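Undergrad: Below is query_24.txt; it holds compact mmCIF, C-alpha atoms and all ligand atoms.
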```
# COMPACT_ATOMS: atom_id res chain seq x y z
CA MET J 169 -17.01 16.24 13.22
CA THR J 170 -17.33 13.18 10.97
CA THR J 171 -17.75 14.92 7.63
CA VAL J 172 -16.36 17.88 5.76
CA VAL J 173 -18.75 20.13 3.84
CA LEU J 174 -17.75 20.67 0.23
CA LYS J 175 -17.91 24.19 -1.19
CA ARG J 176 -20.37 24.79 -4.08
CA THR J 177 -22.56 21.71 -3.51
CA GLY J 178 -22.61 21.70 0.30
CA GLN J 179 -22.32 17.92 0.10
CA LYS J 180 -20.93 16.23 3.19
CA MET J 181 -17.83 14.15 2.53
CA PRO J 182 -17.02 11.56 5.23
CA LEU J 183 -13.72 12.26 6.99
CA VAL J 184 -12.88 8.55 7.06
CA GLY J 185 -13.25 6.52 3.88
CA PHE J 186 -11.86 3.34 2.41
CA GLY J 187 -9.00 3.37 -0.11
CA LEU J 188 -9.14 0.89 -2.97
CA TRP J 189 -5.56 0.97 -4.30
CA LYS J 190 -4.07 -2.54 -4.07
CA VAL J 191 -7.29 -4.02 -2.73
CA THR J 192 -7.09 -7.57 -4.07
CA LYS J 193 -9.26 -7.93 -7.17
CA SER J 194 -10.57 -11.42 -6.34
CA THR J 195 -11.80 -10.34 -2.90
CA CYS J 196 -12.59 -6.69 -3.66
CA ALA J 197 -16.37 -7.11 -3.99
CA ASP J 198 -16.57 -8.87 -0.61
CA THR J 199 -14.19 -6.35 0.97
CA VAL J 200 -16.33 -3.43 -0.19
CA TYR J 201 -19.55 -5.17 0.87
CA ASN J 202 -18.13 -5.93 4.32
CA ALA J 203 -16.72 -2.42 4.61
CA ILE J 204 -20.20 -1.01 3.99
CA LYS J 205 -21.58 -3.42 6.58
CA ALA J 206 -18.92 -2.17 9.02
CA GLY J 207 -20.02 1.42 8.42
CA TYR J 208 -17.81 2.82 5.64
CA ARG J 209 -19.67 5.17 3.34
CA LEU J 210 -16.85 6.66 1.24
CA PHE J 211 -14.88 4.59 -1.27
CA ASP J 212 -11.84 5.99 -2.99
CA GLY J 213 -11.30 4.31 -6.33
CA ALA J 214 -9.53 5.11 -9.58
CA GLY J 215 -9.39 3.78 -13.10
CA ASP J 216 -5.76 2.98 -12.39
CA TYR J 217 -6.57 0.62 -9.51
CA GLY J 218 -8.02 -2.00 -11.87
CA ASN J 219 -10.80 -3.02 -9.48
CA GLU J 220 -13.66 -0.65 -10.26
CA LYS J 221 -15.93 -3.44 -11.56
CA GLU J 222 -15.36 -5.52 -8.42
CA ALA J 223 -15.80 -2.54 -6.09
CA GLY J 224 -19.05 -1.75 -7.91
CA GLU J 225 -20.23 -5.33 -7.41
CA GLY J 226 -19.75 -4.93 -3.66
CA VAL J 227 -21.68 -1.64 -3.73
CA ARG J 228 -24.54 -3.05 -5.79
CA ARG J 229 -24.86 -6.10 -3.53
CA ALA J 230 -24.97 -3.88 -0.44
CA ILE J 231 -27.70 -1.75 -2.05
CA SER J 232 -29.76 -4.74 -3.18
CA ASP J 233 -29.46 -6.31 0.29
CA GLY J 234 -30.84 -3.09 1.76
CA LEU J 235 -27.69 -2.15 3.74
CA VAL J 236 -27.54 1.30 2.14
CA ARG J 237 -29.04 3.40 -0.63
CA ARG J 238 -26.87 4.86 -3.39
CA GLU J 239 -27.36 8.33 -1.92
CA ASP J 240 -25.90 7.16 1.42
CA LEU J 241 -22.58 6.42 -0.29
CA PHE J 242 -19.83 8.77 -1.43
CA ILE J 243 -18.00 7.24 -4.37
CA THR J 244 -14.81 8.80 -5.63
CA SER J 245 -12.94 7.89 -8.79
CA LYS J 246 -10.13 9.43 -10.79
CA LEU J 247 -9.22 10.35 -14.35
CA TRP J 248 -6.07 8.58 -15.50
CA ASN J 249 -3.25 10.43 -17.25
CA THR J 250 -3.93 8.96 -20.71
CA PHE J 251 -7.43 10.48 -20.82
CA HIS J 252 -6.71 14.20 -20.33
CA ALA J 253 -7.89 15.27 -23.81
CA HIS J 254 -11.30 16.98 -23.79
CA ASP J 255 -13.24 14.21 -25.56
CA HIS J 256 -11.57 11.38 -23.67
CA VAL J 257 -12.60 12.73 -20.26
CA LYS J 258 -16.29 12.12 -20.90
CA THR J 259 -15.85 8.81 -22.70
CA ILE J 260 -13.68 7.29 -19.99
CA SER J 261 -15.72 8.61 -17.08
CA LYS J 262 -18.83 7.03 -18.63
CA MET J 263 -16.93 3.79 -19.05
CA GLN J 264 -15.78 3.94 -15.41
CA LEU J 265 -19.35 4.60 -14.25
CA GLY J 266 -20.38 1.55 -16.28
CA LEU J 267 -17.74 -0.56 -14.53
CA TRP J 268 -18.99 0.59 -11.14
CA GLY J 269 -22.61 0.13 -12.27
CA ILE J 270 -23.63 3.59 -11.05
CA ASP J 271 -24.97 6.76 -12.70
CA TYR J 272 -22.72 9.39 -11.11
CA PHE J 273 -19.57 9.80 -9.06
CA ASP J 274 -19.82 11.88 -5.90
CA LEU J 275 -16.28 13.04 -6.62
CA PHE J 276 -14.12 12.73 -9.72
CA LEU J 277 -10.47 13.78 -9.45
CA VAL J 278 -7.72 14.45 -11.98
CA HIS J 279 -5.35 11.73 -10.72
CA PHE J 280 -2.08 13.48 -11.69
CA PRO J 281 -1.28 16.78 -13.42
CA ILE J 282 0.43 14.72 -16.10
CA ALA J 283 -0.95 14.09 -19.60
CA LEU J 284 0.17 10.94 -21.36
CA GLN J 285 -0.62 9.71 -24.86
CA TYR J 286 -4.05 8.16 -25.26
CA VAL J 287 -4.34 4.39 -24.92
CA ASP J 288 -7.60 2.91 -26.16
CA PRO J 289 -9.26 0.92 -23.33
CA SER J 290 -9.86 -1.97 -25.75
CA HIS J 291 -6.09 -2.18 -26.16
CA ARG J 292 -5.16 -2.00 -22.47
CA TYR J 293 -7.08 -1.01 -19.35
CA PRO J 294 -5.92 0.31 -17.00
CA PRO J 295 -3.25 1.81 -19.27
CA GLU J 296 -0.74 2.55 -16.47
CA TRP J 297 2.38 4.65 -17.08
CA PHE J 298 4.14 2.97 -19.97
CA GLY J 299 3.42 2.54 -23.68
CA ASP J 300 3.77 -0.78 -25.50
CA ASP J 301 7.48 -0.02 -25.95
CA GLY J 302 7.98 0.26 -22.18
CA LYS J 303 8.52 4.04 -22.40
CA VAL J 304 6.57 7.01 -21.01
CA HIS J 305 4.87 9.08 -23.75
CA LEU J 306 3.94 12.58 -22.62
CA GLN J 307 1.25 14.54 -24.43
CA ASN J 308 0.79 18.31 -24.61
CA ILE J 309 -2.63 18.81 -23.08
CA PRO J 310 -2.90 21.80 -20.76
CA MET J 311 -4.82 21.45 -17.50
CA SER J 312 -7.25 24.12 -18.74
CA GLU J 313 -8.54 21.70 -21.41
CA THR J 314 -8.84 18.82 -18.94
CA TRP J 315 -10.49 20.96 -16.28
CA GLY J 316 -13.03 22.32 -18.78
CA ALA J 317 -13.99 18.73 -19.62
CA MET J 318 -14.23 17.89 -15.89
CA GLU J 319 -16.67 20.79 -15.52
CA GLU J 320 -18.81 19.34 -18.30
CA LEU J 321 -19.10 16.14 -16.24
CA VAL J 322 -20.71 18.27 -13.53
CA ASP J 323 -23.08 19.92 -16.02
CA GLU J 324 -24.15 16.51 -17.31
CA GLY J 325 -24.63 15.01 -13.85
CA LEU J 326 -21.86 12.44 -14.24
CA ALA J 327 -19.87 13.86 -11.30
CA THR J 328 -21.36 15.87 -8.45
CA ASN J 329 -18.03 17.25 -7.22
CA ILE J 330 -14.69 17.54 -9.03
CA GLY J 331 -11.18 17.99 -7.77
CA LEU J 332 -7.46 17.53 -8.17
CA SER J 333 -4.88 15.11 -6.90
CA ASN J 334 -1.09 15.34 -6.64
CA CYS J 335 -1.11 19.08 -7.40
CA GLN J 336 0.94 21.79 -5.72
CA GLY J 337 -0.03 25.39 -4.93
CA SER J 338 1.01 27.02 -8.19
CA LEU J 339 -1.14 24.71 -10.31
CA ILE J 340 -4.15 24.98 -8.00
CA ILE J 341 -3.93 28.77 -8.15
CA ASP J 342 -3.73 28.62 -11.94
CA VAL J 343 -6.82 26.38 -12.22
CA LEU J 344 -8.72 28.91 -10.12
CA ARG J 345 -7.89 31.61 -12.71
CA TYR J 346 -10.09 29.95 -15.33
CA ALA J 347 -12.34 27.55 -13.43
CA LYS J 348 -16.09 27.82 -13.84
CA TYR J 349 -16.31 25.29 -11.01
CA GLU J 350 -13.49 25.46 -8.48
CA PRO J 351 -11.79 22.23 -7.42
CA GLN J 352 -13.60 21.13 -4.25
CA VAL J 353 -11.11 18.55 -3.05
CA LEU J 354 -7.37 18.09 -3.25
CA GLN J 355 -6.11 14.57 -2.59
CA VAL J 356 -2.41 14.35 -1.77
CA GLU J 357 0.13 12.18 0.00
CA LEU J 358 0.12 13.39 3.61
CA HIS J 359 1.43 11.71 6.76
CA PRO J 360 3.77 12.64 9.62
CA TYR J 361 6.85 12.26 7.38
CA LEU J 362 5.26 14.61 4.80
CA THR J 363 3.03 17.05 6.65
CA GLN J 364 2.48 19.52 3.75
CA GLU J 365 1.58 22.38 6.10
CA ALA J 366 1.79 25.17 3.50
CA LEU J 367 -0.38 23.26 1.02
CA VAL J 368 -2.97 22.45 3.69
CA GLN J 369 -3.02 26.12 4.70
CA LEU J 370 -3.50 27.22 1.07
CA CYS J 371 -6.43 24.83 0.66
CA LYS J 372 -7.98 26.04 3.88
CA THR J 373 -7.69 29.62 2.64
CA LEU J 374 -9.29 28.71 -0.69
CA GLY J 375 -12.03 26.51 0.78
CA ILE J 376 -10.72 23.33 -0.83
CA ALA J 377 -11.14 20.16 1.28
CA VAL J 378 -8.00 18.07 1.69
CA THR J 379 -7.89 14.29 1.59
CA ALA J 380 -4.70 12.63 2.82
CA TYR J 381 -3.53 9.47 1.13
CA SER J 382 -0.96 6.97 2.41
CA SER J 383 -1.69 8.00 6.01
CA PHE J 384 0.60 5.22 7.27
CA GLY J 385 3.55 6.59 5.30
CA PRO J 386 5.99 3.94 4.08
CA GLN J 387 3.72 1.00 5.03
CA SER J 388 1.78 0.96 1.75
CA TYR J 389 4.96 1.05 -0.34
CA LEU J 390 6.79 -1.88 1.27
CA GLU J 391 5.02 -4.38 -1.00
CA LEU J 392 6.28 -2.33 -3.99
CA GLY J 393 9.86 -2.63 -2.74
CA MET J 394 9.90 1.03 -1.64
CA GLY J 395 9.78 2.91 1.67
CA LYS J 396 12.48 0.86 3.34
CA ASP J 397 14.86 3.76 3.95
CA SER J 398 12.89 5.22 6.85
CA ALA J 399 11.54 3.81 10.10
CA SER J 400 7.98 2.53 10.11
CA LEU J 401 5.50 5.15 11.32
CA LEU J 402 3.35 2.38 12.78
CA GLU J 403 6.27 1.28 14.95
CA HIS J 404 7.58 4.75 15.77
CA ASN J 405 8.07 5.40 19.51
CA ALA J 406 6.45 8.83 19.36
CA VAL J 407 3.31 7.42 17.76
CA GLY J 408 3.33 4.29 19.95
CA SER J 409 3.53 6.20 23.23
CA ILE J 410 0.58 8.43 22.25
CA ALA J 411 -1.37 5.33 21.19
CA SER J 412 -0.72 3.66 24.57
CA ALA J 413 -1.81 6.78 26.43
CA HIS J 414 -5.22 6.57 24.72
CA SER J 415 -5.42 2.74 24.59
CA LYS J 416 -5.57 3.01 20.79
CA THR J 417 -3.45 1.56 18.00
CA PRO J 418 -0.66 3.53 16.26
CA ALA J 419 -2.74 3.35 13.05
CA GLN J 420 -5.67 5.05 14.78
CA VAL J 421 -3.36 7.79 16.08
CA LEU J 422 -1.98 8.41 12.56
CA LEU J 423 -5.51 8.73 11.17
CA ARG J 424 -6.80 10.89 14.03
CA TRP J 425 -3.80 13.21 13.65
CA ALA J 426 -5.30 14.13 10.27
CA THR J 427 -9.08 13.98 10.87
CA GLN J 428 -8.92 16.06 14.04
CA ARG J 429 -7.64 18.90 11.84
CA GLY J 430 -10.42 18.40 9.27
CA ILE J 431 -8.24 16.46 6.84
CA ALA J 432 -10.04 13.43 5.40
CA VAL J 433 -8.34 10.02 5.31
CA ILE J 434 -8.89 6.95 3.13
CA PRO J 435 -6.97 4.04 4.71
CA LYS J 436 -6.80 0.82 2.74
CA SER J 437 -6.75 -2.65 4.23
CA ASN J 438 -7.23 -6.15 2.88
CA ASN J 439 -7.76 -7.31 6.47
CA HIS J 440 -11.25 -7.00 7.97
CA GLY J 441 -10.09 -6.42 11.56
CA ARG J 442 -7.74 -3.60 10.53
CA LEU J 443 -10.40 -2.13 8.23
CA VAL J 444 -12.88 -1.95 11.11
CA ALA J 445 -10.30 -0.51 13.54
CA ASN J 446 -9.33 2.18 11.00
CA LEU J 447 -12.94 3.37 10.80
CA GLU J 448 -13.03 3.67 14.58
CA CYS J 449 -10.24 6.24 14.65
CA ASP J 450 -12.60 9.08 15.55
CA SER J 451 -13.58 7.79 18.99
CA PHE J 452 -10.91 9.80 20.84
CA ASP J 453 -9.15 13.17 20.72
CA LEU J 454 -5.46 13.95 20.70
CA THR J 455 -4.19 16.91 22.70
CA ASP J 456 -2.67 19.85 20.85
CA SER J 457 0.77 18.86 22.12
CA GLU J 458 0.30 15.27 20.89
CA ILE J 459 -0.66 16.58 17.45
CA ALA J 460 2.44 18.81 17.52
CA ARG J 461 4.65 15.86 18.55
CA VAL J 462 3.41 13.80 15.60
CA SER J 463 3.77 16.75 13.21
CA ALA J 464 7.36 17.18 14.40
CA LEU J 465 8.23 13.88 12.71
CA ASN J 466 8.08 15.66 9.33
CA ILE J 467 11.12 15.01 7.12
CA ASN J 468 9.48 15.92 3.79
CA TYR J 469 9.68 12.28 2.79
CA ARG J 470 7.54 11.66 -0.31
CA LEU J 471 6.93 8.11 -1.42
CA ASN J 472 4.63 8.58 -4.41
CA ASP J 473 6.59 10.72 -6.89
CA PRO J 474 6.39 10.09 -10.67
CA VAL J 475 9.92 11.51 -11.02
CA ALA J 476 11.05 8.02 -10.02
CA ILE J 477 9.51 6.75 -13.27
CA ASP J 478 10.71 9.52 -15.58
CA PRO J 479 12.58 12.76 -14.76
CA ARG J 480 10.24 14.70 -17.10
CA MET J 481 7.42 14.02 -14.61
CA ALA J 482 9.01 15.90 -11.69
CA ILE J 483 5.69 17.49 -10.73
CA PHE J 484 6.81 18.14 -7.16
CA ALA J 485 10.14 19.77 -8.11
N1 LIG H 1 -4.32 10.07 -5.49
C1 LIG H 1 -3.28 9.27 -5.51
O1 LIG H 1 -2.36 9.41 -6.33
C2 LIG H 1 -3.21 8.18 -4.49
C3 LIG H 1 -1.97 7.55 -4.24
C4 LIG H 1 -1.91 6.56 -3.26
C5 LIG H 1 -3.07 6.21 -2.56
N2 LIG H 1 -4.25 6.82 -2.85
C6 LIG H 1 -5.50 6.43 -2.16
O2 LIG H 1 -5.29 6.44 -0.76
C7 LIG H 1 -5.59 5.17 -0.22
C8 LIG H 1 -4.73 4.91 1.01
O3 LIG H 1 -3.37 4.99 0.72
P1 LIG H 1 -2.43 3.71 0.61
O4 LIG H 1 -3.23 2.55 0.15
O5 LIG H 1 -1.23 4.12 -0.15
O6 LIG H 1 -1.91 3.50 2.06
P2 LIG H 1 -2.39 3.38 3.55
O7 LIG H 1 -3.85 3.27 3.69
O8 LIG H 1 -1.67 4.44 4.27
O9 LIG H 1 -1.68 2.01 3.98
C9 LIG H 1 -2.06 0.77 3.53
C10 LIG H 1 -1.07 -0.23 4.12
O10 LIG H 1 -1.17 -0.25 5.53
C11 LIG H 1 -1.61 -1.53 5.99
N3 LIG H 1 -2.60 -1.28 7.04
C12 LIG H 1 -3.87 -0.83 6.90
N4 LIG H 1 -4.46 -0.66 8.09
C13 LIG H 1 -3.55 -1.00 9.03
C14 LIG H 1 -3.57 -1.03 10.44
N5 LIG H 1 -4.66 -0.67 11.12
N6 LIG H 1 -2.44 -1.44 11.08
C15 LIG H 1 -1.36 -1.81 10.40
N7 LIG H 1 -1.27 -1.80 9.04
C16 LIG H 1 -2.37 -1.39 8.37
C17 LIG H 1 -2.18 -2.22 4.78
O11 LIG H 1 -2.00 -3.61 4.84
P3 LIG H 1 -3.26 -4.61 4.86
O12 LIG H 1 -4.02 -4.37 3.59
O13 LIG H 1 -2.62 -5.96 4.92
O14 LIG H 1 -4.03 -4.27 6.10
C18 LIG H 1 -1.32 -1.63 3.65
O15 LIG H 1 -0.08 -2.29 3.59
C19 LIG H 1 -5.36 4.21 -1.40
O16 LIG H 1 -5.93 2.95 -1.21
C20 LIG H 1 -5.98 5.02 -2.52
O17 LIG H 1 -7.38 4.92 -2.49
C21 LIG H 1 -4.32 7.81 -3.79
```
Before anything else, please render the file you have as structure tokens.
TA:
Amino acid sequence: MTTVVLKRTGQKMPLVGFGLWKVTKSTCADTVYNAIKAGYRLFDGAGDYGNEKEAGEGVRRAISDGLVRREDLFITSKLWNTFHAHDHVKTISKMQLGLWGIDYFDLFLVHFPIALQYVDPSHRYPPEWFGDDGKVHLQNIPMSETWGAMEELVDEGLATNIGLSNCQGSLIIDVLRYAKYEPQVLQVELHPYLTQEALVQLCKTLGIAVTAYSSFGPQSYLELGMGKDSASLLEHNAVGSIASAHSKTPAQVLLRWATQRGIAVIPKSNNHGRLVANLECDSFDLTDSEIARVSALNINYRLNDPVAIDPRMAIFA
């Protein structure tokens, strides 16, 4: 199993993709080009990552060099919090497509179930979390309005599949009450310190594919000055001993722990050797007891929580 079939469109989403958050802007085009050359077909971007233009350059070069065709790739992007109003969804998604230099996204996700006041892209892009005064400005836009606009992207061919990110069960269930097109993918933080079993089970029941982000747990957050209050997952004895038993790296075990259960992963690396090794995580199988041993590391440790920015954004409370 190297793909997961998305409900409604039947499109196959690769189980291993490449994450673009914190991919260095100056080398992003080359990184994406070389990732395609190495075999990656899914790229996980977002307006917020500030490197959509560069990622698109890498994609366009790979297509013009004949490495792939557009239809061989699965390109994901996300709607930032400041663009949740009905009319802004279409305008910004068209702008994002223009940055990438493509006609459609294979998947467009609502990045967070948080609506912030609109920031005109000519003023600041990406807008990030804070206004000019350094404060967070919430806006009252219900998810029903945003989701309706996401559905229009499908009708107009701007996004083939649409989904949610950073949402919990109650919100997903509510979206299903009014959705014309159900969310096809949920992208959430998921690693052995935050296994999210109930949420994964809910998605399985509803036919929503799950993509795990931050598969290496605290590792991604160290450069942000976070994630230091728990042991590294990459250096954890339990993960290391399983890796040795299979002659694999701890990173490959952490990725396989997810993909073997049909959960997609999108590891990020600015290093070509690690990027290639991450893609090769599907060349072995863990035993059920090894999967259980990794899952037993769960401590419900969440690294990416907007409550740390502002208590009014406690979306996981
Ligand atoms: N929806 C959301 O809100 C959301 C939030 C966070 C992330 N995401 C998506 O998920 C993607 C992945 O998550 P992430 O970037 O947080 O974290 P990640 O992929 O779990 O970890 C990246 C970190 O691990 C290192 N690394 C990568 N491969 C390695 C290997 N084989 N061995 C050792 N270290 C390795 C990287 O350093 P080097 O670069 O130096 O290799 C980087 O420090 C993001 O890029 C983004 O696309 C989405």
Undergrad: Could you list, with a cut-off of 7 Å and counting all atoms listed in the file, the residues of chain J near ligand LIG 1 (chain H), each shown with its nearest atom pair and the distance in Å rounded to one decimal, rows sorted by chain and ascending number, as a Markdown table?
TA:
```
| residue | atom | partner | partner_atom | distance |
| --- | --- | --- | --- | --- |
| J:Phe186 | CA | H:LIG1 | O17 | 6.8 |
| J:Gly187 | CA | H:LIG1 | O17 | 3.3 |
| J:Leu188 | CA | H:LIG1 | O16 | 4.2 |
| J:Trp189 | CA | H:LIG1 | O16 | 3.7 |
| J:Lys190 | CA | H:LIG1 | O16 | 6.5 |
| J:Asp212 | CA | H:LIG1 | O17 | 4.6 |
| J:Gly213 | CA | H:LIG1 | O17 | 5.5 |
| J:His279 | CA | H:LIG1 | N1 | 5.6 |
| J:Phe280 | CA | H:LIG1 | O1 | 6.7 |
| J:Ser333 | CA | H:LIG1 | N1 | 5.3 |
| J:Asn334 | CA | H:LIG1 | O1 | 6.1 |
| J:Gln355 | CA | H:LIG1 | N1 | 5.6 |
| J:Val356 | CA | H:LIG1 | N1 | 6.0 |
| J:Glu357 | CA | H:LIG1 | C3 | 6.6 |
| J:Tyr381 | CA | H:LIG1 | O2 | 4.0 |
| J:Ser382 | CA | H:LIG1 | O8 | 3.2 |
| J:Ser383 | CA | H:LIG1 | O8 | 4.0 |
| J:Phe384 | CA | H:LIG1 | O8 | 3.8 |
| J:Gly385 | CA | H:LIG1 | O8 | 5.7 |
| J:Gln387 | CA | H:LIG1 | C10 | 5.0 |
| J:Ser388 | CA | H:LIG1 | C10 | 3.9 |
| J:Tyr389 | CA | H:LIG1 | O5 | 6.9 |
| J:Leu402 | CA | H:LIG1 | C15 | 6.7 |
| J:Ala419 | CA | H:LIG1 | N5 | 4.9 |
| J:Gln420 | CA | H:LIG1 | N5 | 6.9 |
| J:Ile434 | CA | H:LIG1 | C7 | 5.0 |
| J:Pro435 | CA | H:LIG1 | O7 | 3.4 |
| J:Lys436 | CA | H:LIG1 | O7 | 4.0 |
| J:Ser437 | CA | H:LIG1 | O12 | 3.3 |
| J:Asn438 | CA | H:LIG1 | O12 | 3.7 |
| J:Asn439 | CA | H:LIG1 | O14 | 4.8 |
| J:Arg442 | CA | H:LIG1 | N5 | 4.3 |
| J:Leu443 | CA | H:LIG1 | N4 | 6.1 |
| J:Ala445 | CA | H:LIG1 | N5 | 6.1 |
| J:Asn446 | CA | H:LIG1 | N5 | 5.5 |
| J:Asn472 | CA | H:LIG1 | C3 | 6.7 |
```
Undergrad: Using all atoms listed in the file, find the one residue out of J:His359, J:Arg480, J:Lys303, J:Arg429 that sits nearest to Asn466 of chain J.
TA: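 When distances to Asn466 of chain J are compared using all atoms listed in the file, the smallest one comes from J:His359.
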Undergrad: Using all atoms listed in the file, list the residues that have an atom at most 10 Å from (4.0, 13.7, 10.8), coordinates as in the file, as a PyMOL selection string.
TA: chain J and resi 358-364+383-385+401+407+422+425-426+459-469
Undergrad: Dump C-alpha atoms for the selected residues as a PDB file, keeping the file's coordinate frame?
TA:
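Below is the file part35.pdb, written as the result:
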```pdb
ATOM      1  CA  LEU J 358       0.120  13.390   3.610  1.00  0.00           C
ATOM      2  CA  HIS J 359       1.430  11.710   6.760  1.00  0.00           C
ATOM      3  CA  PRO J 360       3.770  12.640   9.620  1.00  0.00           C
ATOM      4  CA  TYR J 361       6.850  12.260   7.380  1.00  0.00           C
ATOM      5  CA  LEU J 362       5.260  14.610   4.800  1.00  0.00           C
ATOM      6  CA  THR J 363       3.030  17.050   6.650  1.00  0.00           C
ATOM      7  CA  GLN J 364       2.480  19.520   3.750  1.00  0.00           C
ATOM      8  CA  SER J 383      -1.690   8.000   6.010  1.00  0.00           C
ATOM      9  CA  PHE J 384       0.600   5.220   7.270  1.00  0.00           C
ATOM     10  CA  GLY J 385       3.550   6.590   5.300  1.00  0.00           C
ATOM     11  CA  LEU J 401       5.500   5.150  11.320  1.00  0.00           C
ATOM     12  CA  VAL J 407       3.310   7.420  17.760  1.00  0.00           C
ATOM     13  CA  LEU J 422      -1.980   8.410  12.560  1.00  0.00           C
ATOM     14  CA  TRP J 425      -3.800  13.210  13.650  1.00  0.00           C
ATOM     15  CA  ALA J 426      -5.300  14.130  10.270  1.00  0.00           C
ATOM     16  CA  ILE J 459      -0.660  16.580  17.450  1.00  0.00           C
ATOM     17  CA  ALA J 460       2.440  18.810  17.520  1.00  0.00           C
ATOM     18  CA  ARG J 461       4.650  15.860  18.550  1.00  0.00           C
ATOM     19  CA  VAL J 462       3.410  13.800  15.600  1.00  0.00           C
ATOM     20  CA  SER J 463       3.770  16.750  13.210  1.00  0.00           C
ATOM     21  CA  ALA J 464       7.360  17.180  14.400  1.00  0.00           C
ATOM     22  CA  LEU J 465       8.230  13.880  12.710  1.00  0.00           C
ATOM     23  CA  ASN J 466       8.080  15.660   9.330  1.00  0.00           C
ATOM     24  CA  ILE J 467      11.120  15.010   7.120  1.00  0.00           C
ATOM     25  CA  ASN J 468       9.480  15.920   3.790  1.00  0.00           C
ATOM     26  CA  TYR J 469       9.680  12.280   2.790  1.00  0.00           C
TER      27      TYR J 469
END
```
Undergrad: Any idea what the distance is between atom CA of Leu306 of chain J and atom CA of Ala482 of chain J?
TA: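 According to the coordinates, atom CA of Leu306 of chain J and atom CA of Ala482 of chain J are separated by 12.5 Å.
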Undergrad: Quick one: everything within 12 Å of segment 223-229 of chain J, counting all atoms listed in the file, minus sequence neighbours fewer than 2 positions away in the same chain. Send it as a VMD selection string.
TA: chain J and resid 186 to 205 208 to 215 217 to 221 231 to 245 264 to 271 273
Undergrad: For a test of reading the model, state the distance in Å between atom CA of Leu354 of chain J and atom CA of Met481 of chain J, rounded to one decimal.
TA: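 Value for the atom CA of Leu354 of chain J-atom CA of Met481 of chain J distance: 19.1 Å.
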Undergrad: Between atom CA of Leu454 of chain J and atom CA of Lys396 of chain J, what distance in Å does the model show, to one decimal?
TA: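 Rounded to one decimal, the two atoms are 28.2 Å apart.
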Undergrad: Need the axis-aligned box for segment 357-365 of chain J with 3 Å each side, so what are the centre and edges in Å to one decimal, as JSON?
TA:
```
{"center_x": 3.5, "center_y": 17.0, "center_z": 4.8, "size_x": 12.7, "size_y": 16.7, "size_z": 15.6}
```
Undergrad: Any idea what's packed within 8 Å of Val257 of chain J, counting only C-alpha atoms, ignoring anything in its chain fewer than 2 positions away? Could you give it as a short mmCIF file (atom, residue, chain, number, x, y, z; two decimals) with C-alpha atoms, keeping the file's coordinate frame?
TA:
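This went into out.cif:
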```cif
data_model
loop_
_atom_site.label_atom_id
_atom_site.label_comp_id
_atom_site.auth_asym_id
_atom_site.auth_seq_id
_atom_site.Cartn_x
_atom_site.Cartn_y
_atom_site.Cartn_z
CA LEU J 247 -9.22 10.35 -14.35
CA PHE J 251 -7.43 10.48 -20.82
CA HIS J 252 -6.71 14.20 -20.33
CA ALA J 253 -7.89 15.27 -23.81
CA HIS J 254 -11.30 16.98 -23.79
CA ASP J 255 -13.24 14.21 -25.56
CA THR J 259 -15.85 8.81 -22.70
CA ILE J 260 -13.68 7.29 -19.99
CA SER J 261 -15.72 8.61 -17.08
CA THR J 314 -8.84 18.82 -18.94
CA ALA J 317 -13.99 18.73 -19.62
CA MET J 318 -14.23 17.89 -15.89
#
```
Undergrad: Considering only C-alpha atoms, state which residue in the set J:Gln285, J:Thr170, J:Ser412, J:Gln179 is at the smallest distance from Asp300 of chain J.
TA: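 Nearest to Asp300 of chain J: J:Gln285.
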Undergrad: Could you list, as a list in words, every residue within 8 Å of Trp315 of chain J, counting all atoms listed in the file and ignoring same-chain residues fewer than 3 positions away?
TA: Met311, Ser312, Met318, Glu319, Val343 and Ala347 of chain J
Undergrad: If you count only C-alpha atoms, which residues fall within 9 Å of Val421 of chain J, apart from same-chain ones fewer than 6 positions away, as a ChimeraX atom specification?
TA: /J:407-408,410-411,414,449,454
Undergrad: Which of these residues is nearest to Ile376 of chain J, using only C-alpha atoms: J:Asp397, J:Ala413, J:His291, J:Ala432?
TA: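 For Ile376 of chain J, the nearest of the given residues is J:Ala432.
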Undergrad: Kindly reconstruct segment 235-241 of chain J with N, CA and C atoms and present the result as an mmCIF file, in the frame of the given file.
TA:
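Final output, result-v5.cif:
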```cif
data_model
loop_
_atom_site.group_PDB
_atom_site.id
_atom_site.type_symbol
_atom_site.label_atom_id
_atom_site.label_comp_id
_atom_site.auth_asym_id
_atom_site.auth_seq_id
_atom_site.Cartn_x
_atom_site.Cartn_y
_atom_site.Cartn_z
ATOM 1 N N LEU J 235 -28.600 -2.715 2.720
ATOM 2 C CA LEU J 235 -27.690 -2.150 3.740
ATOM 3 C C LEU J 235 -27.631 -0.633 3.626
ATOM 4 N N VAL J 236 -27.618 -0.147 2.397
ATOM 5 C CA VAL J 236 -27.540 1.300 2.140
ATOM 6 C C VAL J 236 -28.306 1.624 0.856
ATOM 7 N N ARG J 237 -28.531 2.936 0.661
ATOM 8 C CA ARG J 237 -29.040 3.400 -0.630
ATOM 9 C C ARG J 237 -27.868 4.079 -1.341
ATOM 10 N N ARG J 238 -27.974 4.217 -2.640
ATOM 11 C CA ARG J 238 -26.870 4.860 -3.390
ATOM 12 C C ARG J 238 -26.543 6.224 -2.795
ATOM 13 N N GLU J 239 -27.595 6.969 -2.416
ATOM 14 C CA GLU J 239 -27.360 8.330 -1.920
ATOM 15 C C GLU J 239 -26.703 8.371 -0.544
ATOM 16 N N ASP J 240 -26.607 7.216 0.124
ATOM 17 C CA ASP J 240 -25.900 7.160 1.420
ATOM 18 C C ASP J 240 -24.391 7.040 1.204
ATOM 19 N N LEU J 241 -24.005 6.679 -0.019
ATOM 20 C CA LEU J 241 -22.580 6.420 -0.290
ATOM 21 C C LEU J 241 -21.927 7.626 -0.959
#
```
